[in-house]
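Take a look at the structure below.
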Amino acid sequence: MSAIILFWAVTIAQVALAIAMALALVRMIKGPRAQDRVLGLDTLYVNSMLQLLVFGIRTGSTLYFEVALIIGILGFVATVALAKFLMRGEVIE
Amino acid sequence: MNHASDLPLWAALLVAVFLLIGAGLTLIGSFGFYRLRSFYDRIHAPTLGTSWGTAAIVMASMICFSVLQSRLVLHEFLIGIFVTVTTPVTLMLLGRAALYRDRSEGSSEVPAIDPPKGVLDETKMVDEESAYYPPE
């Protein structure tokens, strides 16, 4: 019983997160200006991090936690660097 | 999903509810990000995913692994704290960069740097030097 409940919840959550990733990707490709694309990339990073956490629940292994943490850290650094680039025209001055 | 049958029913229900809440909120946030019109509207939408979307999925993961390994597994907490702390930093930097770009282009959608005329009455402002050294 609990396996069925968990299976359907994980499946629905993964489909919802996949749709969310697709929406962020569409905005990233379409986005009229550069800041929309950067924000789309940030949203895509967060959504993929959550997708990996849900995948870890599905497989029952804690291996995916590290991957999700690294994606979160890289997403933060990437977005800060891109925002700095949009502001100044260079990342390290 | 063989490990899932080891979970008691209450834990499975709790994990399922938290997963659905988190994924649903993230989907709503991303849909708003896709749908809203201006950048300054759009920058608010993904925070749904980074606040309660992340928190709910992290809590589901913590409950699932704590019950499965029958000990307290709290390292998912790191992700929650990290995302909660870093999202405002990123979005404020990005918002300021967008504001700077819009202003330097002279866009009419954002307020200008200079305050509008008449807000500050400059004649009544005390000159700093005369305040410190009053005339004899």
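Residues in the structure tokens are named by chain (A, B, ... in the order shown) and by number from 1 within that chain; ligands are numbered from 1 in the order shown.
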Interface list for chain A, partner chain B, 6 Å threshold, only C-alpha atoms, as a PDB file with C-alpha atoms, in the first residue's frame:
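Done, and the output landed in out-v5.pdb:
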```pdb
ATOM      1  CA  SER A   2       2.681   2.476   1.011  1.00  0.00           C
ATOM      2  CA  ALA A   3       4.717   1.505  -2.065  1.00  0.00           C
ATOM      3  CA  LEU A   6       4.884   6.639  -2.731  1.00  0.00           C
ATOM      4  CA  ALA A   9       3.407  10.707  -5.444  1.00  0.00           C
ATOM      5  CA  ALA A  13       6.093  15.202  -8.438  1.00  0.00           C
ATOM      6  CA  ALA A  16       5.363  18.454 -12.277  1.00  0.00           C
ATOM      7  CA  LEU A  17       9.031  19.322 -11.830  1.00  0.00           C
ATOM      8  CA  ALA A  20       8.432  23.404 -14.420  1.00  0.00           C
ATOM      9  CA  LEU A  23       8.657  26.291 -18.633  1.00  0.00           C
ATOM     10  CA  ARG A  27      11.522  31.426 -20.880  1.00  0.00           C
ATOM     11  CA  LEU A  69      23.917  20.153  -3.164  1.00  0.00           C
ATOM     12  CA  VAL A  80      25.862  35.860  -9.044  1.00  0.00           C
ATOM     13  CA  ALA A  83      24.406  39.301 -12.520  1.00  0.00           C
ATOM     14  CA  LEU A  86      25.234  42.296 -16.526  1.00  0.00           C
ATOM     15  CA  MET A  87      25.922  45.118 -14.093  1.00  0.00           C
TER      16      MET A  87
END
```
Please return as a tab-separated table (two decimals) with C-alpha atoms, in the first residue's frame: the residues of range 9-121 of chain B that backbone DSSP assigns to helix (DSSP H, G or I).
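Wrote part05.tsv, looks like this:
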```tsv
chain	number	residue	atom	x	y	z
B	9	LEU	CA	1.80	3.87	5.96
B	10	TRP	CA	1.92	7.13	7.93
B	11	ALA	CA	5.44	7.89	6.69
B	12	ALA	CA	4.47	7.15	3.10
B	13	LEU	CA	1.44	9.44	3.37
B	14	LEU	CA	3.52	12.21	4.92
B	15	VAL	CA	6.23	11.92	2.28
B	16	ALA	CA	3.63	11.87	-0.50
B	17	VAL	CA	1.85	14.97	0.81
B	18	PHE	CA	5.07	16.93	1.18
B	19	LEU	CA	6.28	15.86	-2.27
B	20	LEU	CA	3.03	16.94	-3.89
B	21	ILE	CA	3.02	20.30	-2.07
B	22	GLY	CA	6.62	21.02	-3.01
B	23	ALA	CA	6.37	19.97	-6.63
B	24	GLY	CA	3.04	21.78	-7.06
B	25	LEU	CA	4.39	25.03	-5.64
B	26	THR	CA	7.49	24.80	-7.82
B	27	LEU	CA	5.30	24.22	-10.87
B	28	ILE	CA	3.12	27.23	-9.99
B	29	GLY	CA	6.22	29.38	-9.54
B	30	SER	CA	7.72	28.33	-12.84
B	31	PHE	CA	4.39	28.84	-14.60
B	32	GLY	CA	4.23	32.36	-13.18
B	33	PHE	CA	7.80	32.93	-14.35
B	34	TYR	CA	6.76	31.87	-17.83
B	35	ARG	CA	3.52	33.81	-17.84
B	39	PHE	CA	10.90	41.27	-15.70
B	40	TYR	CA	10.14	42.90	-12.36
B	41	ASP	CA	6.97	40.81	-12.09
B	42	ARG	CA	8.76	37.69	-13.20
B	47	THR	CA	10.78	32.28	-5.23
B	48	LEU	CA	7.76	30.01	-4.69
B	49	GLY	CA	9.99	27.14	-5.73
B	50	THR	CA	12.96	28.29	-3.71
B	51	SER	CA	11.05	28.84	-0.47
B	52	TRP	CA	8.31	26.30	0.17
B	53	GLY	CA	8.96	24.17	-2.87
B	54	THR	CA	12.46	23.39	-1.66
B	55	ALA	CA	11.43	23.22	2.00
B	56	ALA	CA	8.64	20.71	1.38
B	57	ILE	CA	10.73	18.42	-0.84
B	58	VAL	CA	13.65	18.57	1.61
B	59	MET	CA	11.28	17.68	4.45
B	60	ALA	CA	9.86	14.77	2.43
B	61	SER	CA	13.38	13.51	1.78
B	62	MET	CA	14.34	13.87	5.45
B	63	ILE	CA	11.27	11.97	6.63
B	64	CYS	CA	11.77	9.23	4.02
B	65	PHE	CA	15.43	8.56	4.82
B	66	SER	CA	14.99	8.99	8.58
B	67	VAL	CA	12.32	6.29	8.63
B	68	LEU	CA	14.16	4.02	6.17
B	69	GLN	CA	17.49	4.10	8.05
B	77	PHE	CA	18.77	20.45	5.87
B	78	LEU	CA	21.96	21.86	4.32
B	79	ILE	CA	20.27	22.26	0.95
B	80	GLY	CA	17.28	23.99	2.52
B	81	ILE	CA	19.41	26.45	4.48
B	82	PHE	CA	21.71	27.10	1.53
B	83	VAL	CA	18.89	27.80	-0.91
B	84	THR	CA	17.03	29.96	1.62
B	85	VAL	CA	20.13	32.05	2.32
B	86	THR	CA	21.39	32.46	-1.23
B	87	THR	CA	18.18	33.15	-3.16
B	88	PRO	CA	17.63	36.71	-1.84
B	89	VAL	CA	21.28	37.54	-2.57
B	90	THR	CA	21.02	36.34	-6.16
B	91	LEU	CA	17.70	37.94	-6.89
B	92	MET	CA	18.65	41.30	-5.39
B	93	LEU	CA	21.87	41.36	-7.42
B	94	LEU	CA	19.96	40.42	-10.55
B	95	GLY	CA	17.22	42.97	-9.87
B	96	ARG	CA	19.76	45.74	-9.35
B	97	ALA	CA	21.58	44.75	-12.54
B	98	ALA	CA	18.31	44.85	-14.47
B	99	LEU	CA	17.42	48.23	-12.94
B	100	TYR	CA	20.84	49.59	-13.85
B	101	ARG	CA	20.48	48.35	-17.43
B	102	ASP	CA	16.99	49.79	-17.77
B	103	ARG	CA	18.06	53.14	-16.36
B	104	SER	CA	21.11	53.43	-18.53
```
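If you look at CA of Glu66 in chain A and CA of Asp42 in chain A, they are 18.7 Å away from each other.
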Any idea what's packed within 8 Å of Leu25 in chain A, counting only C-alpha atoms, ignoring anything in its chain fewer than 6 positions away? Could you give it as a compact mmCIF listing (two decimals) with C-alpha atoms, in the first residue's frame?
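For reference, result02.txt as written:
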```txt
# COMPACT_ATOMS: atom_id res chain seq x y z
CA GLY A 40 15.53 31.38 -16.33
CA LEU A 41 18.86 29.63 -15.84
CA LEU A 44 16.23 25.79 -14.13
```
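Coordinates place CA of Ile12 in chain A at a distance of 26.9 Å from CA of Lys30 in chain A.
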*Please identify all polymer residues within 12 Å of Tyr64 in chain A, counting only C-alpha atoms, omitting same-chain residues fewer than 2 positions from it, and present them as number ranges by chain.*
A: 48-62, 66-71; B: 61, 76
Write a file of the selected residues as a CSV table (one decimal), in the first residue's frame, keeping N, CA and C atoms.
```csv
chain,number,residue,atom,x,y,z
A,48,SER,N,16.0,21.6,-11.3
A,48,SER,CA,16.7,20.4,-11.5
A,48,SER,C,17.3,19.8,-10.2
A,49,MET,N,17.7,20.8,-9.2
A,49,MET,CA,18.1,20.3,-7.9
A,49,MET,C,17.0,19.6,-7.2
A,50,LEU,N,15.7,20.1,-7.3
A,50,LEU,CA,14.6,19.5,-6.6
A,50,LEU,C,14.3,18.1,-7.3
A,51,GLN,N,14.4,18.1,-8.7
A,51,GLN,CA,14.2,16.9,-9.4
A,51,GLN,C,15.1,15.8,-8.9
A,52,LEU,N,16.4,16.2,-8.7
A,52,LEU,CA,17.4,15.2,-8.2
A,52,LEU,C,17.0,14.7,-6.8
A,53,LEU,N,16.5,15.6,-5.9
A,53,LEU,CA,16.1,15.2,-4.6
A,53,LEU,C,15.0,14.1,-4.7
A,54,VAL,N,14.0,14.4,-5.5
A,54,VAL,CA,12.9,13.5,-5.7
A,54,VAL,C,13.4,12.2,-6.3
A,55,PHE,N,14.4,12.3,-7.2
A,55,PHE,CA,14.9,11.0,-7.8
A,55,PHE,C,15.6,10.2,-6.7
A,56,GLY,N,16.3,10.9,-5.7
A,56,GLY,CA,16.9,10.2,-4.6
A,56,GLY,C,15.8,9.5,-3.8
A,57,ILE,N,14.7,10.1,-3.6
A,57,ILE,CA,13.6,9.4,-2.8
A,57,ILE,C,13.1,8.2,-3.6
A,58,ARG,N,13.1,8.3,-5.0
A,58,ARG,CA,12.6,7.2,-5.8
A,58,ARG,C,13.5,6.0,-5.7
A,59,THR,N,14.9,6.3,-5.8
A,59,THR,CA,15.8,5.1,-5.8
A,59,THR,C,16.2,4.7,-4.4
A,60,GLY,N,15.9,5.6,-3.4
A,60,GLY,CA,16.2,5.2,-2.0
A,60,GLY,C,17.7,5.2,-1.7
A,61,SER,N,18.5,5.9,-2.5
A,61,SER,CA,19.9,6.0,-2.2
A,61,SER,C,20.2,7.5,-1.9
A,62,THR,N,21.2,7.7,-0.9
A,62,THR,CA,21.5,9.1,-0.5
A,62,THR,C,22.6,9.7,-1.4
A,66,GLU,N,24.3,14.6,-2.6
A,66,GLU,CA,25.5,15.4,-2.9
A,66,GLU,C,25.4,16.1,-4.2
A,67,VAL,N,24.8,15.4,-5.2
A,67,VAL,CA,24.7,16.0,-6.6
A,67,VAL,C,23.8,17.2,-6.5
A,68,ALA,N,22.7,17.1,-5.7
A,68,ALA,CA,21.7,18.2,-5.6
A,68,ALA,C,22.4,19.4,-4.9
A,69,LEU,N,23.2,19.1,-3.9
A,69,LEU,CA,23.9,20.2,-3.2
A,69,LEU,C,24.9,20.9,-4.1
A,70,ILE,N,25.6,20.1,-4.9
A,70,ILE,CA,26.6,20.7,-5.8
A,70,ILE,C,25.9,21.6,-6.8
A,71,ILE,N,24.8,21.1,-7.3
A,71,ILE,CA,24.0,21.8,-8.3
A,71,ILE,C,23.5,23.2,-7.7
B,61,SER,N,12.2,14.3,1.9
B,61,SER,CA,13.4,13.5,1.8
B,61,SER,C,13.9,13.2,3.2
B,76,GLU,N,20.0,16.8,4.6
B,76,GLU,CA,19.2,17.5,3.6
B,76,GLU,C,18.9,18.9,4.0
```
